[in-house]
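Chemist: data14.txt is reproduced below (compact mmCIF, C-alpha atoms).
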```txt
# COMPACT_ATOMS: atom_id res chain seq x y z
CA MET A 9 -45.67 67.98 50.86
CA GLY A 10 -47.35 65.78 53.37
CA PRO A 11 -46.61 65.85 57.07
CA ASN A 12 -44.71 62.57 57.41
CA LEU A 13 -41.49 62.95 55.40
CA PHE A 14 -39.18 63.14 58.42
CA VAL A 15 -41.13 60.59 60.43
CA ASN A 16 -40.78 58.15 57.52
CA TYR A 17 -37.05 58.77 57.20
CA GLY A 18 -36.37 55.05 56.61
CA GLU A 19 -38.73 54.97 53.65
CA ALA A 20 -37.24 58.23 52.35
CA VAL A 21 -33.78 56.63 52.46
CA ALA A 22 -35.22 53.66 50.59
CA ALA A 23 -36.59 55.96 47.87
CA ILE A 24 -33.25 57.78 47.54
CA LEU A 25 -31.37 54.46 47.36
CA PHE A 26 -33.81 53.25 44.71
CA CYS A 27 -33.14 56.34 42.61
CA ILE A 28 -29.37 55.98 43.06
CA GLY A 29 -29.62 52.42 41.79
CA PHE A 30 -31.82 53.49 38.90
CA THR A 31 -29.40 56.26 37.90
CA ASN A 32 -26.61 53.69 37.97
CA LEU A 33 -28.66 51.46 35.73
CA LEU A 34 -29.20 54.27 33.22
CA LEU A 35 -25.80 55.96 33.18
CA GLN A 36 -23.23 53.21 33.61
CA THR A 37 -22.00 51.60 30.43
CA ASN A 38 -20.18 48.81 32.22
CA LEU A 39 -22.48 45.79 32.47
CA ILE A 40 -21.21 44.72 35.90
CA LYS A 41 -21.89 48.20 37.29
CA LYS A 42 -25.37 48.10 35.81
CA ILE A 43 -26.01 44.84 37.69
CA ILE A 44 -24.70 46.45 40.88
CA GLY A 45 -27.19 49.27 40.31
CA LEU A 46 -30.02 46.78 40.00
CA ASN A 47 -28.94 45.13 43.25
CA ILE A 48 -28.96 48.53 45.00
CA MET A 49 -32.55 48.96 43.80
CA ASP A 50 -33.42 45.53 45.23
CA SER A 51 -31.92 46.49 48.60
CA ALA A 52 -33.94 49.70 48.63
CA ILE A 53 -37.12 47.66 48.16
CA TYR A 54 -36.22 45.39 51.11
CA LEU A 55 -35.57 48.42 53.29
CA PHE A 56 -38.93 49.88 52.30
CA LEU A 57 -40.75 46.61 53.08
CA ALA A 58 -39.01 46.24 56.43
CA GLU A 59 -39.97 49.83 57.33
CA LYS A 60 -43.56 49.09 56.33
CA GLY A 61 -43.81 46.14 58.70
CA TYR A 62 -42.18 47.83 61.68
CA ILE A 63 -44.31 48.90 64.63
CA ALA A 64 -42.60 50.82 67.42
CA GLY A 65 -42.24 49.01 70.73
CA ARG A 66 -43.28 45.58 69.50
CA ALA A 67 -41.27 42.37 69.29
CA ALA A 68 -40.26 40.30 66.28
CA PRO A 69 -43.01 37.83 65.30
CA ILE A 70 -41.68 34.91 67.32
CA VAL A 71 -44.08 33.79 70.03
CA THR A 72 -42.55 34.28 73.47
CA ASN A 73 -44.17 33.19 76.76
CA GLY A 74 -47.25 32.03 74.91
CA VAL A 75 -48.50 35.51 74.07
CA THR A 76 -50.50 35.27 70.86
CA SER A 77 -52.03 38.70 70.70
CA ALA A 78 -51.77 40.83 67.57
CA GLU A 79 -50.81 43.79 69.78
CA ALA A 80 -47.55 42.16 70.86
CA TYR A 81 -45.75 41.61 67.55
CA ILE A 82 -44.85 43.49 64.38
CA ASN A 83 -46.49 42.70 61.05
CA PRO A 84 -45.02 39.40 59.76
CA ILE A 85 -46.18 39.74 56.14
CA PRO A 86 -43.50 42.21 54.87
CA SER A 87 -40.81 39.92 56.34
CA GLY A 88 -42.08 37.06 54.21
CA LEU A 89 -42.18 39.31 51.15
CA VAL A 90 -38.56 40.38 51.73
CA LEU A 91 -37.57 36.71 51.80
CA THR A 92 -39.21 36.14 48.41
CA GLY A 93 -37.50 39.24 47.03
CA ILE A 94 -34.05 38.17 48.19
CA VAL A 95 -34.35 34.74 46.57
CA VAL A 96 -35.52 36.19 43.25
CA SER A 97 -32.79 38.85 43.35
CA VAL A 98 -30.09 36.21 43.85
CA SER A 99 -31.37 34.23 40.89
CA VAL A 100 -31.65 37.28 38.65
CA SER A 101 -28.14 38.45 39.58
CA ALA A 102 -26.66 35.04 38.79
CA LEU A 103 -28.50 34.92 35.47
CA MET A 104 -27.39 38.41 34.46
CA LEU A 105 -23.77 37.79 35.46
CA SER A 106 -23.63 34.60 33.42
CA LEU A 107 -25.08 36.43 30.42
CA THR A 108 -22.41 39.10 30.95
CA ILE A 109 -19.72 36.41 30.90
CA ARG A 110 -21.06 35.13 27.58
CA LEU A 111 -21.10 38.65 26.14
CA TYR A 112 -17.53 39.19 27.32
CA VAL A 113 -16.40 35.95 25.73
CA ARG A 114 -18.04 36.97 22.46
CA TYR A 115 -17.06 40.66 22.28
CA HIS A 116 -14.07 40.93 24.66
CA THR A 117 -15.49 44.01 26.33
CA LEU A 118 -17.94 44.83 29.10
CA ASN A 119 -18.83 48.23 27.69
CA LEU A 120 -22.37 48.16 26.40
CA ASP A 121 -21.78 50.89 23.80
CA GLU A 122 -18.84 49.04 22.32
CA ILE A 123 -20.86 45.84 22.22
CA ALA A 124 -23.64 47.69 20.38
CA ALA A 125 -21.14 49.22 17.94
CA GLN A 126 -19.63 45.83 17.21
CA LEU A 127 -23.08 44.39 16.70
CA LYS A 128 -23.92 47.16 14.21
CA LYS A 129 -20.63 46.68 12.39
CA GLU A 130 -21.41 43.03 11.98
CA GLY A 131 -24.64 44.13 10.33
CA LYS A 132 -27.06 42.50 12.71
CA MET B 15 -79.03 25.33 -40.61
CA SER B 16 -76.35 23.79 -38.60
CA LYS B 17 -74.29 26.01 -36.35
CA LYS B 18 -71.26 23.79 -36.80
CA LYS B 19 -68.21 25.54 -38.14
CA SER B 20 -65.70 23.85 -40.28
CA THR B 21 -62.30 23.02 -38.75
CA GLU B 22 -60.61 25.73 -40.78
CA ASN B 23 -62.99 28.39 -39.55
CA TYR B 24 -62.74 27.17 -36.02
CA GLN B 25 -58.97 27.45 -36.08
CA LYS B 26 -59.31 31.14 -36.78
CA THR B 27 -61.50 31.91 -33.74
CA PHE B 28 -60.33 33.37 -30.43
CA ALA B 29 -61.65 30.37 -28.50
CA PHE B 30 -59.36 27.96 -30.40
CA HIS B 31 -56.30 30.10 -29.68
CA PHE B 32 -57.28 30.53 -26.07
CA PHE B 33 -57.81 26.82 -25.39
CA SER B 34 -54.69 25.76 -27.22
CA TRP B 35 -52.76 28.27 -25.13
CA LEU B 36 -54.49 27.02 -22.02
CA HIS B 37 -53.57 23.43 -22.71
CA GLY B 38 -50.00 24.37 -23.37
CA GLU B 39 -49.97 23.37 -27.03
CA LYS B 40 -48.96 26.73 -28.28
CA ASP B 41 -46.84 29.52 -26.85
CA PRO B 42 -48.25 32.79 -28.22
CA TYR B 43 -44.93 34.59 -27.78
CA LEU B 44 -42.89 31.98 -29.60
CA GLY B 45 -41.58 33.48 -32.80
CA ASN B 46 -42.96 36.93 -31.99
CA VAL B 47 -40.40 38.03 -29.40
CA GLU B 48 -36.68 38.27 -29.84
CA MET B 49 -35.04 36.04 -27.28
CA GLN B 50 -31.48 35.92 -26.01
CA PRO B 51 -29.80 33.73 -23.41
CA GLN B 52 -29.33 35.48 -20.05
CA LYS B 53 -25.99 37.10 -19.42
CA GLU B 54 -23.82 35.87 -16.56
CA TYR B 55 -23.56 38.50 -13.81
CA GLU B 56 -20.00 39.70 -13.64
CA THR B 57 -18.72 40.95 -10.32
CA ASP B 58 -16.27 43.74 -10.70
CA PRO B 59 -13.68 43.22 -7.94
CA GLU B 60 -12.80 46.90 -7.97
CA MET B 61 -16.38 47.91 -7.44
CA VAL B 62 -16.77 45.44 -4.60
CA LEU B 63 -13.63 46.75 -2.93
CA ARG B 64 -14.82 50.32 -3.34
CA HIS B 65 -18.21 49.52 -1.83
CA GLU B 66 -16.63 47.75 1.09
CA LYS B 67 -14.28 50.66 1.66
CA GLU B 68 -17.15 53.14 1.57
CA HIS B 69 -19.17 50.99 3.95
CA ASP B 70 -16.27 50.73 6.39
CA ALA B 71 -15.64 54.47 6.17
CA ILE B 72 -19.28 55.24 6.93
CA MET B 73 -19.28 52.78 9.79
CA ASP B 74 -16.08 54.22 11.23
CA LYS B 75 -17.48 57.69 10.95
CA VAL B 76 -20.77 56.71 12.60
CA TYR B 77 -19.23 54.77 15.46
CA ASP B 78 -16.24 56.99 16.06
CA THR B 79 -17.42 58.09 19.47
CA GLN B 80 -14.74 60.75 19.81
CA HIS B 81 -15.48 62.70 16.64
CA ASN B 82 -19.10 62.02 15.79
CA VAL B 83 -20.85 65.18 16.89
CA GLN B 84 -24.35 63.75 16.65
CA LEU B 85 -23.46 60.75 18.74
CA ARG B 86 -21.78 62.93 21.33
CA LEU B 87 -24.78 65.22 21.44
CA PHE B 88 -27.04 62.25 21.85
CA HIS B 89 -24.91 60.92 24.70
CA SER B 90 -24.89 64.18 26.60
CA LEU B 91 -28.61 64.62 26.00
CA TYR B 92 -29.19 61.09 27.23
CA GLU B 93 -27.19 61.70 30.39
CA ILE B 94 -28.94 64.97 31.17
CA THR B 95 -32.36 63.46 30.52
CA SER B 96 -31.70 60.42 32.66
CA ILE B 97 -30.38 62.52 35.57
CA LEU B 98 -33.41 64.79 35.31
CA PHE B 99 -35.71 61.80 35.16
CA CYS B 100 -34.11 60.24 38.23
CA LEU B 101 -34.37 63.50 40.16
CA PHE B 102 -38.00 63.77 39.13
CA LEU B 103 -38.61 60.17 40.20
CA MET B 104 -36.90 60.81 43.54
CA ALA B 105 -39.01 63.91 44.16
CA LEU B 106 -42.16 62.03 43.22
CA LEU B 107 -41.32 59.14 45.56
CA LEU B 108 -40.40 61.47 48.42
CA VAL B 109 -43.65 63.42 48.06
CA THR B 110 -45.56 60.13 48.04
CA ILE B 111 -43.70 58.94 51.12
CA SER B 112 -44.47 62.18 52.94
CA TYR B 113 -48.17 61.34 52.56
CA LEU B 114 -47.80 57.70 53.71
CA PRO B 115 -48.86 56.80 57.25
CA ALA B 116 -46.11 57.27 59.82
CA THR B 117 -43.64 54.46 60.41
CA GLY B 118 -43.97 52.57 63.67
CA VAL B 119 -47.62 53.38 64.21
CA ALA B 120 -49.88 50.37 64.59
CA GLU B 121 -53.07 51.92 63.19
CA LYS B 122 -52.45 51.90 59.46
CA PRO B 123 -53.94 49.94 56.56
CA VAL B 124 -50.89 47.63 56.28
CA ASN B 125 -51.61 46.09 59.68
CA ASN B 126 -54.98 44.67 58.72
CA GLU B 127 -56.86 41.58 59.77
CA VAL B 128 -54.60 39.24 57.72
CA ALA B 129 -51.53 39.97 59.83
CA ALA B 130 -53.62 39.82 63.01
CA ARG B 131 -54.99 36.44 62.01
CA TYR B 132 -51.52 35.06 61.22
CA ILE B 133 -50.31 36.15 64.65
CA GLU B 134 -53.35 35.09 66.66
CA ASN B 135 -54.05 31.71 65.06
CA GLY B 136 -50.62 30.91 63.65
CA LEU B 137 -49.27 29.06 66.65
CA GLU B 138 -52.41 26.99 67.01
CA GLU B 139 -52.86 26.21 63.31
CA THR B 140 -49.28 25.63 62.18
CA GLY B 141 -47.54 24.73 65.42
CA ALA B 142 -44.60 27.00 64.62
CA ILE B 143 -43.34 29.48 67.17
CA ASN B 144 -41.73 31.56 64.46
CA ILE B 145 -44.78 33.15 62.86
CA VAL B 146 -42.93 34.13 59.70
CA ALA B 147 -41.85 30.51 59.18
CA GLY B 148 -45.40 29.37 59.81
CA MET B 149 -46.63 31.92 57.31
CA ILE B 150 -44.24 31.20 54.45
CA LEU B 151 -44.19 27.41 54.85
CA ASP B 152 -47.81 26.78 55.79
CA TYR B 153 -50.26 29.50 54.78
CA ARG B 154 -48.25 30.61 51.77
CA ALA B 155 -46.33 27.41 51.05
CA PHE B 156 -46.91 27.44 47.32
CA ASP B 157 -45.19 30.81 47.16
CA THR B 158 -42.11 29.26 48.76
CA LEU B 159 -42.32 26.30 46.38
CA GLY B 160 -42.22 28.81 43.53
CA GLU B 161 -39.17 30.46 45.07
CA SER B 162 -37.32 27.15 45.27
CA HIS B 163 -38.18 26.52 41.66
CA VAL B 164 -36.94 29.98 40.69
CA LEU B 165 -33.58 29.06 42.24
CA PHE B 166 -33.56 25.69 40.46
CA VAL B 167 -34.44 27.23 37.08
CA ALA B 168 -31.80 29.94 37.57
CA THR B 169 -29.17 27.25 38.22
CA ILE B 170 -30.18 25.38 35.10
CA THR B 171 -30.06 28.55 32.98
CA VAL B 172 -26.65 29.49 34.33
CA LEU B 173 -25.50 25.94 33.59
CA ILE B 174 -26.75 26.26 29.99
CA LEU B 175 -24.99 29.61 29.58
CA LEU B 176 -21.67 28.81 31.21
CA ARG B 177 -21.21 25.13 30.57
CA LEU B 178 -18.03 24.21 28.74
CA ASP B 179 -19.60 21.59 26.55
CA LYS B 180 -17.66 19.15 24.46
CA ASN B 181 -19.12 17.27 21.54
CA LYS B 182 -18.75 13.57 20.96
CA LYS B 183 -15.28 13.77 19.49
CA GLY B 184 -14.04 15.61 22.54
CA GLU B 185 -13.74 18.91 20.69
CA ILE B 186 -14.64 22.00 22.63
CA ASN B 187 -17.60 23.96 21.34
CA PRO B 188 -16.39 26.94 19.28
CA LEU B 189 -18.70 29.23 21.25
CA THR B 190 -16.92 28.45 24.49
CA LYS B 191 -13.40 27.85 23.25
CA ASP B 192 -12.25 31.29 24.38
CA MET B 193 -13.38 30.62 27.90
CA ASN B 194 -10.80 29.25 30.20
CA PRO B 195 -11.53 25.53 30.18
CA ASN B 196 -10.37 25.00 33.70
CA ASP B 197 -9.56 27.43 36.42
CA ARG B 198 -7.65 24.86 38.41
CA ILE B 199 -4.35 26.14 37.08
CA TYR B 200 -4.76 29.35 39.02
CA GLU B 201 -5.84 27.73 42.25
CA PRO B 202 -3.58 28.44 45.19
CA LYS B 203 -1.77 25.20 45.79
CA ASN B 204 -1.23 24.10 49.37
CA ASP B 205 -2.12 27.44 50.87
CA ALA B 206 -1.26 26.54 54.47
CA ILE B 207 -3.06 29.40 56.20
CA LEU B 208 -6.26 29.00 54.20
CA ARG B 209 -6.27 25.24 54.74
CA LEU B 210 -5.74 25.49 58.49
CA VAL B 211 -8.43 28.16 58.90
CA ALA B 212 -10.82 26.27 56.64
CA SER B 213 -10.35 23.00 58.50
CA PHE B 214 -11.38 24.81 61.68
CA LEU B 215 -14.14 26.93 60.23
CA VAL B 216 -15.88 24.72 57.67
CA PRO B 217 -17.32 22.19 60.19
CA ILE B 218 -18.46 25.03 62.43
CA ILE B 219 -20.08 26.91 59.56
CA ILE B 220 -21.88 23.83 58.29
CA ILE B 221 -23.09 22.84 61.77
CA PHE B 222 -24.31 26.39 62.29
CA GLY B 223 -26.18 26.20 58.97
CA ILE B 224 -27.80 22.90 60.01
CA TYR B 225 -28.78 24.49 63.32
CA ILE B 226 -30.41 27.41 61.51
CA ILE B 227 -32.36 25.07 59.24
CA LEU B 228 -33.53 22.78 62.06
CA ASN B 229 -34.55 25.72 64.23
CA GLY B 230 -36.43 27.50 61.49
CA HIS B 231 -39.79 27.01 63.20
CA LEU B 232 -38.49 27.83 66.68
CA GLY B 233 -36.60 31.03 66.10
CA PRO B 234 -35.10 33.30 63.49
CA GLY B 235 -33.84 31.30 60.56
CA GLY B 236 -35.17 28.72 58.18
CA GLY B 237 -34.30 26.96 54.98
CA PHE B 238 -33.16 29.93 52.95
CA SER B 239 -30.75 31.48 55.44
CA GLY B 240 -29.44 28.14 56.68
CA GLY B 241 -28.97 26.91 53.13
CA ALA B 242 -27.02 30.05 52.27
CA VAL B 243 -24.75 29.50 55.31
CA ILE B 244 -24.10 25.86 54.33
CA GLY B 245 -23.40 26.96 50.75
CA ALA B 246 -20.86 29.50 52.06
CA GLY B 247 -19.17 26.74 54.07
CA LEU B 248 -18.97 24.54 50.99
CA ILE B 249 -17.49 27.39 48.96
CA LEU B 250 -14.82 27.97 51.63
CA TYR B 251 -14.02 24.26 51.61
CA LEU B 252 -13.73 24.34 47.84
CA ASN B 253 -11.39 27.32 47.92
CA ALA B 254 -9.15 25.73 50.51
CA PHE B 255 -8.92 22.20 49.20
CA GLY B 256 -9.71 22.47 45.50
CA PHE B 257 -12.07 20.73 43.17
CA GLU B 258 -10.50 17.30 43.62
CA LYS B 259 -11.82 17.08 47.16
CA THR B 260 -15.31 18.46 46.51
CA GLU B 261 -15.85 16.42 43.38
CA ARG B 262 -15.73 13.30 45.53
CA PHE B 263 -19.06 14.11 47.10
CA PHE B 264 -20.63 16.86 45.00
CA THR B 265 -21.06 16.46 41.27
CA GLU B 266 -23.70 17.39 38.75
CA LYS B 267 -25.46 14.11 39.52
CA THR B 268 -25.61 14.86 43.24
CA TYR B 269 -27.08 18.25 42.50
CA LYS B 270 -29.65 16.76 40.17
CA TRP B 271 -30.86 14.12 42.62
CA ILE B 272 -30.87 16.39 45.67
CA CYS B 273 -32.90 19.02 43.86
CA PHE B 274 -35.24 16.46 42.34
CA PHE B 275 -36.00 14.75 45.65
CA SER B 276 -36.26 17.97 47.63
CA LEU B 277 -38.58 19.72 45.20
CA SER B 278 -40.81 16.71 44.57
CA PHE B 279 -41.00 15.95 48.30
CA TYR B 280 -41.99 19.56 48.94
CA CYS B 281 -44.60 19.43 46.20
CA LEU B 282 -46.15 16.13 47.29
CA ALA B 283 -46.14 16.90 51.01
CA LYS B 284 -47.71 20.29 50.58
CA SER B 285 -50.26 18.97 48.07
CA TYR B 286 -51.36 16.42 50.65
CA SER B 287 -51.60 19.08 53.31
CA PHE B 288 -53.59 21.45 51.12
CA PHE B 289 -55.86 18.63 49.91
CA THR B 290 -56.78 17.53 53.41
CA GLY B 291 -57.08 21.09 54.62
CA ALA B 292 -59.37 22.20 51.81
CA ASN B 293 -61.68 19.19 52.16
CA HIS B 294 -61.82 19.28 55.98
CA LEU B 295 -60.25 15.83 56.19
CA HIS B 296 -58.16 14.63 59.08
CA SER B 297 -54.48 15.11 58.34
CA ILE B 298 -52.12 12.45 59.68
CA ILE B 299 -49.40 15.03 60.29
CA PRO B 300 -49.43 16.07 63.95
CA ASN B 301 -48.60 19.63 64.93
CA GLY B 302 -46.74 18.55 68.07
CA THR B 303 -46.11 20.61 71.16
CA PRO B 304 -44.94 24.11 70.29
CA GLY B 305 -41.32 24.64 71.24
CA ALA B 306 -40.16 21.04 70.69
CA ILE B 307 -37.80 20.43 67.78
CA LEU B 308 -40.21 17.87 66.28
CA SER B 309 -43.18 20.17 66.03
CA GLY B 310 -44.80 22.45 63.54
CA GLY B 311 -46.18 19.72 61.32
CA LEU B 312 -44.62 19.86 57.87
CA ILE B 313 -42.55 22.97 58.51
CA LEU B 314 -39.39 21.17 59.65
CA PRO B 315 -39.17 18.75 56.68
CA LEU B 316 -40.03 21.54 54.26
CA ASN B 317 -37.31 23.71 55.79
CA ILE B 318 -34.83 20.86 55.30
CA ALA B 319 -35.89 20.45 51.66
CA VAL B 320 -35.61 24.18 50.97
CA GLY B 321 -32.27 24.34 52.79
CA LEU B 322 -30.84 21.50 50.67
CA VAL B 323 -31.94 23.21 47.45
CA VAL B 324 -30.51 26.58 48.52
CA ALA B 325 -27.18 25.12 49.70
CA CYS B 326 -26.74 23.18 46.47
CA THR B 327 -27.71 26.24 44.42
CA MET B 328 -25.21 28.51 46.17
CA TYR B 329 -22.41 26.01 45.68
CA ALA B 330 -23.47 25.36 42.08
CA PHE B 331 -23.48 29.05 41.21
CA TYR B 332 -19.97 29.42 42.58
CA ALA B 333 -18.65 26.30 40.86
CA MET B 334 -20.17 27.27 37.53
CA PHE B 335 -18.83 30.80 37.62
CA ARG B 336 -15.46 29.41 38.61
CA LYS B 337 -14.94 26.70 36.04
CA GLY B 338 -18.13 26.20 34.09
CA GLY B 339 -19.44 23.05 35.69
CA PHE B 340 -19.48 21.24 38.97
```
Could you take the file, read its structure, and then write that structure out as structure tokens?

Modeler:
Amino acid sequence: MGPNLFVNYGEAVAAILFCIGFTNLLLQTNLIKKIIGLNIMDSAIYLFLAEKGYIAGRAAPIVTNGVTSAEAYINPIPSGLVLTGIVVSVSVSALMLSLTIRLYVRYHTLNLDEIAAQLKKEGK
Amino acid sequence: MSKKKSTENYQKTFAFHFFSWLHGEKDPYLGNVEMQPQKEYETDPEMVLRHEKEHDAIMDKVYDTQHNVQLRLFHSLYEITSILFCLFLMALLLVTISYLPATGVAEKPVNNEVAARYIENGLEETGAINIVAGMILDYRAFDTLGESHVLFVATITVLILLRLDKNKKGEINPLTKDMNPNDRIYEPKNDAILRLVASFLVPIIIIFGIYIILNGHLGPGGGFSGGAVIGAGLILYLNAFGFEKTERFFTEKTYKWICFFSLSFYCLAKSYSFFTGANHLHSIIPNGTPGAILSGGLILPLNIAVGLVVACTMYAFYAMFRKGGF
């Protein structure tokens, strides 16, 4: 173990959240709950990025009083990356939910195992 | 002596037989093989029924999740393995994190010269007080263009998947006939509380969204967050007053044109800016005085374009999930 586990508690929480989401993704058979698991994983990534960009005692990267010194503000790059991630996550969630609706219309169930069984019974 | 053979002799040779067979004049099997017309294949209905029954029985046995021991074993094995894998992954990530540089310390590889350059030259080069806005809409503007297109493509895909399409005769597509054709039946009619609250809140929410978009280069905010706020206001309006009211100003056509103009404006404006910047030409777009609302060069118009796309996308997602169309 390295020395920084308890100093990096935010990143540790992000890792635990990521694994909770991943376990959800693996163990849930309900499609909606699987999507929720994926969204938890997304949130964990945002938390991790935000923790990466944070510098103690510095302000948000919005220029105040004309100070443009790199020592005055936190790192702006992870903030931009989180923005990208949120937009992609929204799109992916919408796409997966609409696919789920189509599956429900076709098979009248949200359970992935039952859908697979019906698929096999149809001989596909 | 001539080598010529007489016709009779020639007809006895292998070459004659071969060439006559080759030219199709003679079938060597004709007359030598007993031939019978092919029998019609008879399907025995009993056999078919028996096969179907056997097939169904096997299928029931295989997919009977309660009694199939192998399947149950597989399921429990799968669960144990996935839990173990997740615990292993968590341990791995936590060990990695314990070796990462400490949070909140400035001297680490993440805070390199790129971030320093964005902060030190950002205000001068982009004219935006909000350095993140200057970064995503000026230095990394093509990234943001890609994001807007991701939203647009996602809307189109959702539209393809959820659309309740009718063919020319007005018949509903058999694929979508089980879907509720219109959710309007279940709408709350004349919900007094919701209408009163919405008539107060919707203008405030939309004005707040516009404020966020227009102040994207001056403070926290920007096209994405402001667009999401406006989309939320539109969804509240839709819930309170129903589709009849919103369809008067927002249809599929409106969505199409707003997205088309916003995305192509973004693309053209940023192409111009990158072209002049890369060739050291003089750009006609002034950066303005930092802090004024009309400053920051292209950032304000680009924020408006992104905000329009995001607001329309949010509303479109809701409308499509609600009734399969706008």

Chemist: For chain A, which residues have at least one atom within 7 Å of chain B, if we go by all atoms listed in the file? Write them as a ChimeraX atom specification, please.

Modeler: /A:9-13,15-16,19-20,23-24,27,31,34-35,59-60,62-64,69-71,76-78,83-85,88,92,95-96,99,103,106-107,113,125,129

Chemist: Please report the interatomic distance between atom CA of B:Asn229 and atom CA of B:Asp152 in Å with one decimal.

Modeler: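 Separating atom CA of B:Asn229 from atom CA of B:Asp152 is a distance of 15.8 Å.
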
Chemist: Name the closest residue to A:Arg114 among the candidates A:Leu127, A:Ala67, A:Leu55, A:Ala102; distances are taken between atoms, counting all atoms listed in the file.

Modeler: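 Ranking A:Leu127, A:Ala67, A:Leu55, A:Ala102 by distance to A:Arg114, first place goes to A:Leu127.
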
Chemist: Go ahead and compute the interatomic distance for atom CA of B:Glu258 and atom CA of B:Lys337, in Å to one decimal.

Modeler: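 Those two atoms sit 12.9 Å apart.
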
Chemist: Record the distance separating atom CA of B:Ser278 and atom CA of B:Ala319, expressed in Å with one decimal.

Modeler: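 Computed distance, atom CA of B:Ser278 to atom CA of B:Ala319, equals 9.4 Å.
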
Chemist: Give as a PyMOL selection string every residue, naming chains and numbers as the document does, that has an atom within 9 Å of (-27.6, 49.6, 45.3), counting only C-alpha atoms.

Modeler: chain A and resi 25-26+28-30+32+44-52

Chemist: Put the listed atoms of stretch 60-65 of chain B in a box along x, y and z with 6 Å added on every side and give me the centre and edge lengths in Å to one decimal, as JSON.

Modeler:
```
{"center_x": -15.5, "center_y": 47.9, "center_z": -4.9, "size_x": 17.4, "size_y": 16.9, "size_z": 18.1}
```

Chemist: Which residues are close to A:Asn38, i.e. within 9 Å by only C-alpha atoms, leaving aside same-chain residues fewer than 6 positions away? Reply as an mmCIF file with C-alpha atoms, keeping the file's coordinate frame.

Modeler:
```
data_model
loop_
_atom_site.group_PDB
_atom_site.id
_atom_site.type_symbol
_atom_site.label_atom_id
_atom_site.label_comp_id
_atom_site.auth_asym_id
_atom_site.auth_seq_id
_atom_site.Cartn_x
_atom_site.Cartn_y
_atom_site.Cartn_z
ATOM 1 C CA THR A 117 -15.490 44.010 26.330
ATOM 2 C CA LEU A 118 -17.940 44.830 29.100
ATOM 3 C CA ASN A 119 -18.830 48.230 27.690
ATOM 4 C CA LEU A 120 -22.370 48.160 26.400
ATOM 5 C CA ASP A 121 -21.780 50.890 23.800
#
```

Chemist: Find the residues near B:Gly321: any atom within 9 Å, counting all atoms listed in the file, skip ones fewer than 3 places away on the same chain, and give them as an NGL selection string.

Modeler: :B and (223-224 or 227 or 236-242 or 244 or 316-318 or 324-326)

Chemist: Counting all atoms listed in the file, which of B:Thr140, B:Thr303, B:Ser213, B:Thr265 gets nearest to B:Gly247?

Modeler: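 Of the candidates, the smallest distance to B:Gly247 is held by B:Ser213.
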